[in-house]
Amino acid sequence: MQYLKCGAEKFEFEIKPLGKLCKLCKSEVPVVTLTTQNLKLCKNCFSKIQQRRLSEAVKKYRMFGPEDRVGILLSGGKDSATLAHLLKKTFPEISFQGLYLNLGIRYYSDFAQKAVEELCESLSIPLFVYDLKAEKGFSIDDFVFTSFKDKICSVCGTIKRYLFSKVARELGLTVIATGHHLDDLLSTYLTLFFNGDFISIKRLVPVNLPLFEGQAKKIKPLYQIPEREIFFYAVLNELPLEGCACPHGEITPSKKIKGILEELEKENRTFKYQLLSVFLKGFIPLLRENFEESTLVPCKVCGEPTASVHGICGFCRRVNLLSRIEDKTLELSLAKWQKIEESSERQKWMVFDVREKEDYLKGTLPSAKWISPSLLENEKDLFKTFRPFREKNLLFFCYSGRLSYLFTLKLRKMNFRAYNLKEPEQILGIDQVPENG
Ligand code: SF4
Ligand code: ZN
């Protein structure tokens, strides 16, 4: 199985025999390697080891007990799916509640929601879905019209943290569990360290106690499990996943650091655990002695507690930017486009077909130009190709709308007036939608 992560990271795993007998049970066929110890294991022994790691983490940090109501933040990806599966298998007596935040990201959020619904159903975990567009009237995509257009993941993180905390309180949850794993923790430590953001490092621990009354405790039960093993676990246990295709996926500094950590691990198999120990046992206690917690005040707009010096929380400041944008149109319906085509407006538009060339040659929209999908891989080339059309409105289409939406977003981030064609499959002559659309 191949799994594409946000920001073009890729995981691959093929289930095939790795020897004759599993190193632990000595009876089953080994199909997976425990990376830190180079042990070749069968599915059952591998899964049991991960359950034991999770169980040790929960007990060591007293993450929750039978009296707690534990929310699990689900995204449709491998980390949170593995977290839910492991928690439910290891602690069947605890009452878990799945939480999914539908961020309104076109060609992504609804697919991810389906994967989350399937997962919760298979694990008998009740699911609460919060629909951002329906509740607040905006989506994460709308931020391409703001100064945050190059930092969509950062704005998305602020919105998610704010809403999950609020929703957890409204649902009466005492604990919320997230799928942060060993590689997430280490790459974020190093990114924050290089930025000199010691206050944030201090908070990056397996358990964060509530900062104010009614706030849920935040826990990271997977903090000692490497990302690669989480992926293996998800595949071996056939968990339903949305192969992350969020159109905003970025290669962030922390993702680059993950690559460096992988390289260092090749030299020293226990390197990641050594680094984790340096932070958890050495550096963070030192920071705690020297940096006090910031004082929280109620946000002047929404009333939620905030440490912001402006007295207005990060969520409200970002949402306020959207209120100044009048037109947030990123997609046109076929009917709307046909009206434009028949009017004098048409001369202000350029149309681009981003399907494979052979499909373009078989039939396309009138005067559409062909653009290679591979242009998406190089931002400089993308910019150079479209620079001559700076003054025009650009309309993109493909089979499913997914790929052309990526072009639309990328060019919007470069300040082009780009649009995507909705329901492209209705176009005459295009009646088959291949999977990669
Ligand atoms: Fe949010 Fe970025 Fe993840 Fe998309 S890739 S869901 S925008 S954090
Ligand atoms: Zn606020």
# chains A, B, ... in the order shown; residues from 1 in each chain; ligands from 1

call {"tool": "residues_near_ligand", "arguments": {"ligand": "ligand 1", "cutoff": "10 Å", "atoms": "only C-alpha atoms and all ligand atoms", "output": "PyMOL selection string"}}
result
chain A and resi 5-7+75-77+101-105+108-109+112+140-141+143+151-160+244-252

call {"tool": "residues_near_ligand", "arguments": {"ligand": "ligand 2", "cutoff": "12 Å", "atoms": "only C-alpha atoms and all ligand atoms", "output": "ChimeraX atom specification"}}
result
/A:158-159,162-163,166,297-308,310-320

call {"tool": "atom_distance", "arguments": {"atom1": "CA of Gln37 (chain A)", "atom2": "CA of Tyr223 (chain A)"}}
result
17.6 Å

call {"tool": "closest_atom_pairs", "arguments": {"of": "region 166-197 of chain A", "to": "region 80-91 of chain A", "cutoff": "12 Å", "atoms": "only C-alpha atoms", "output": "tab-separated table"}}
result
residue	atom	partner	partner_atom	distance
A:Ile176	CA	A:Ala84	CA	11.6
A:Ala177	CA	A:Leu83	CA	8.3
A:Thr178	CA	A:Ser80	CA	6.7
A:Gly179	CA	A:Ser80	CA	4.6
A:His180	CA	A:Ser80	CA	8.2
A:His181	CA	A:Leu83	CA	9.6

call {"tool": "residues_around", "arguments": {"residues": "Phe271 (chain A)", "least_positions_apart": "5", "cutoff": "10 Å", "atoms": "only C-alpha atoms", "output": "list in words"}}
result
Thr36, Leu261, Glu262, Leu264, Glu265, Lys266, Leu276 and Ser277 of chain A

call {"tool": "select_by_dssp", "arguments": {"residues": "region 274-341 of chain A", "states": "strand (DSSP E)", "output": "ChimeraX atom specification"}}
result
/A:297-298,305-306,331-332

call {"tool": "write_last_selection", "arguments": {"atoms": "all heavy atoms", "output": "mmCIF file, in the first residue's frame"}}
result
data_model
loop_
_atom_site.group_PDB
_atom_site.id
_atom_site.type_symbol
_atom_site.label_atom_id
_atom_site.label_comp_id
_atom_site.auth_asym_id
_atom_site.auth_seq_id
_atom_site.Cartn_x
_atom_site.Cartn_y
_atom_site.Cartn_z
ATOM 1 N N VAL A 297 -6.450 35.506 29.740
ATOM 2 C CA VAL A 297 -7.551 36.472 29.929
ATOM 3 C C VAL A 297 -8.671 36.084 28.960
ATOM 4 O O VAL A 297 -8.397 35.449 27.940
ATOM 5 C CB VAL A 297 -7.088 37.932 29.625
ATOM 6 C CG1 VAL A 297 -6.115 38.443 30.656
ATOM 7 C CG2 VAL A 297 -6.512 38.051 28.219
ATOM 8 N N PRO A 298 -9.934 36.474 29.274
ATOM 9 C CA PRO A 298 -10.998 36.132 28.315
ATOM 10 C C PRO A 298 -10.841 36.958 27.031
ATOM 11 O O PRO A 298 -10.569 38.157 27.107
ATOM 12 C CB PRO A 298 -12.295 36.522 29.042
ATOM 13 C CG PRO A 298 -11.909 36.857 30.435
ATOM 14 C CD PRO A 298 -10.448 37.171 30.469
ATOM 15 N N PRO A 305 -10.665 31.729 26.871
ATOM 16 C CA PRO A 305 -9.392 32.156 27.471
ATOM 17 C C PRO A 305 -8.286 32.260 26.420
ATOM 18 O O PRO A 305 -8.192 31.424 25.534
ATOM 19 C CB PRO A 305 -9.073 31.032 28.464
ATOM 20 C CG PRO A 305 -10.352 30.295 28.649
ATOM 21 C CD PRO A 305 -11.131 30.451 27.397
ATOM 22 N N THR A 306 -7.488 33.321 26.540
ATOM 23 C CA THR A 306 -6.383 33.492 25.599
ATOM 24 C C THR A 306 -5.169 34.091 26.309
ATOM 25 O O THR A 306 -5.320 34.848 27.264
ATOM 26 C CB THR A 306 -6.775 34.400 24.400
ATOM 27 O OG1 THR A 306 -5.629 34.593 23.582
ATOM 28 C CG2 THR A 306 -7.295 35.762 24.833
ATOM 29 N N GLU A 331 -14.803 28.388 -7.196
ATOM 30 C CA GLU A 331 -15.310 27.420 -8.177
ATOM 31 C C GLU A 331 -16.491 28.004 -8.941
ATOM 32 O O GLU A 331 -17.311 28.734 -8.382
ATOM 33 C CB GLU A 331 -15.764 26.147 -7.465
ATOM 34 C CG GLU A 331 -14.601 25.335 -6.932
ATOM 35 C CD GLU A 331 -14.972 23.880 -6.738
ATOM 36 O OE1 GLU A 331 -15.833 23.604 -5.890
ATOM 37 O OE2 GLU A 331 -14.415 23.035 -7.446
ATOM 38 N N LEU A 332 -16.572 27.647 -10.211
ATOM 39 C CA LEU A 332 -17.713 28.055 -11.039
ATOM 40 C C LEU A 332 -18.478 26.806 -11.445
ATOM 41 O O LEU A 332 -17.865 25.792 -11.775
ATOM 42 C CB LEU A 332 -17.240 28.717 -12.334
ATOM 43 C CG LEU A 332 -16.456 30.015 -12.272
ATOM 44 C CD1 LEU A 332 -16.263 30.542 -13.691
ATOM 45 C CD2 LEU A 332 -17.177 31.056 -11.442
#

call {"tool": "atom_distance", "arguments": {"atom1": "CA of Lys348 (chain A)", "atom2": "CA of Arg387 (chain A)"}}
result
15.0 Å

call {"tool": "residues_around", "arguments": {"residues": "Glu341 (chain A)", "least_positions_apart": "3", "cutoff": "12 Å", "atoms": "only C-alpha atoms", "output": "ChimeraX atom specification"}}
result
/A:334-338,344-351,365-368,395

call {"tool": "residues_around", "arguments": {"residues": "region 96-98 of chain A", "least_positions_apart": "4", "cutoff": "6 Å", "atoms": "only C-alpha atoms", "output": "MDAnalysis selection string"}}
result
chainID A and resid 70:72 126:127

call {"tool": "closest_residue", "arguments": {"among": "A:Ile371, A:Val175, A:Leu182, A:Met1", "to": "Lys218 (chain A)", "atoms": "only C-alpha atoms"}}
result
A:Val175

call {"tool": "atom_distance", "arguments": {"atom1": "CA of Leu54 (chain A)", "atom2": "CA of Phe232 (chain A)"}}
result
15.5 Å

call {"tool": "closest_residue", "arguments": {"among": "A:Phe145, A:Phe279, A:Tyr61, A:Phe386", "to": "Glu326 (chain A)", "atoms": "only C-alpha atoms"}}
result
A:Phe145

call {"tool": "select_by_dssp", "arguments": {"residues": "region 52-148 of chain A", "states": "alpha helix (DSSP H)", "output": "ChimeraX atom specification"}}
result
/A:52-60,78-90,109-123,132-136

call {"tool": "closest_residue", "arguments": {"among": "A:Ile201, A:Val144, A:Leu211, A:Leu74", "to": "Cys120 (chain A)", "atoms": "only C-alpha atoms"}}
result
A:Leu74
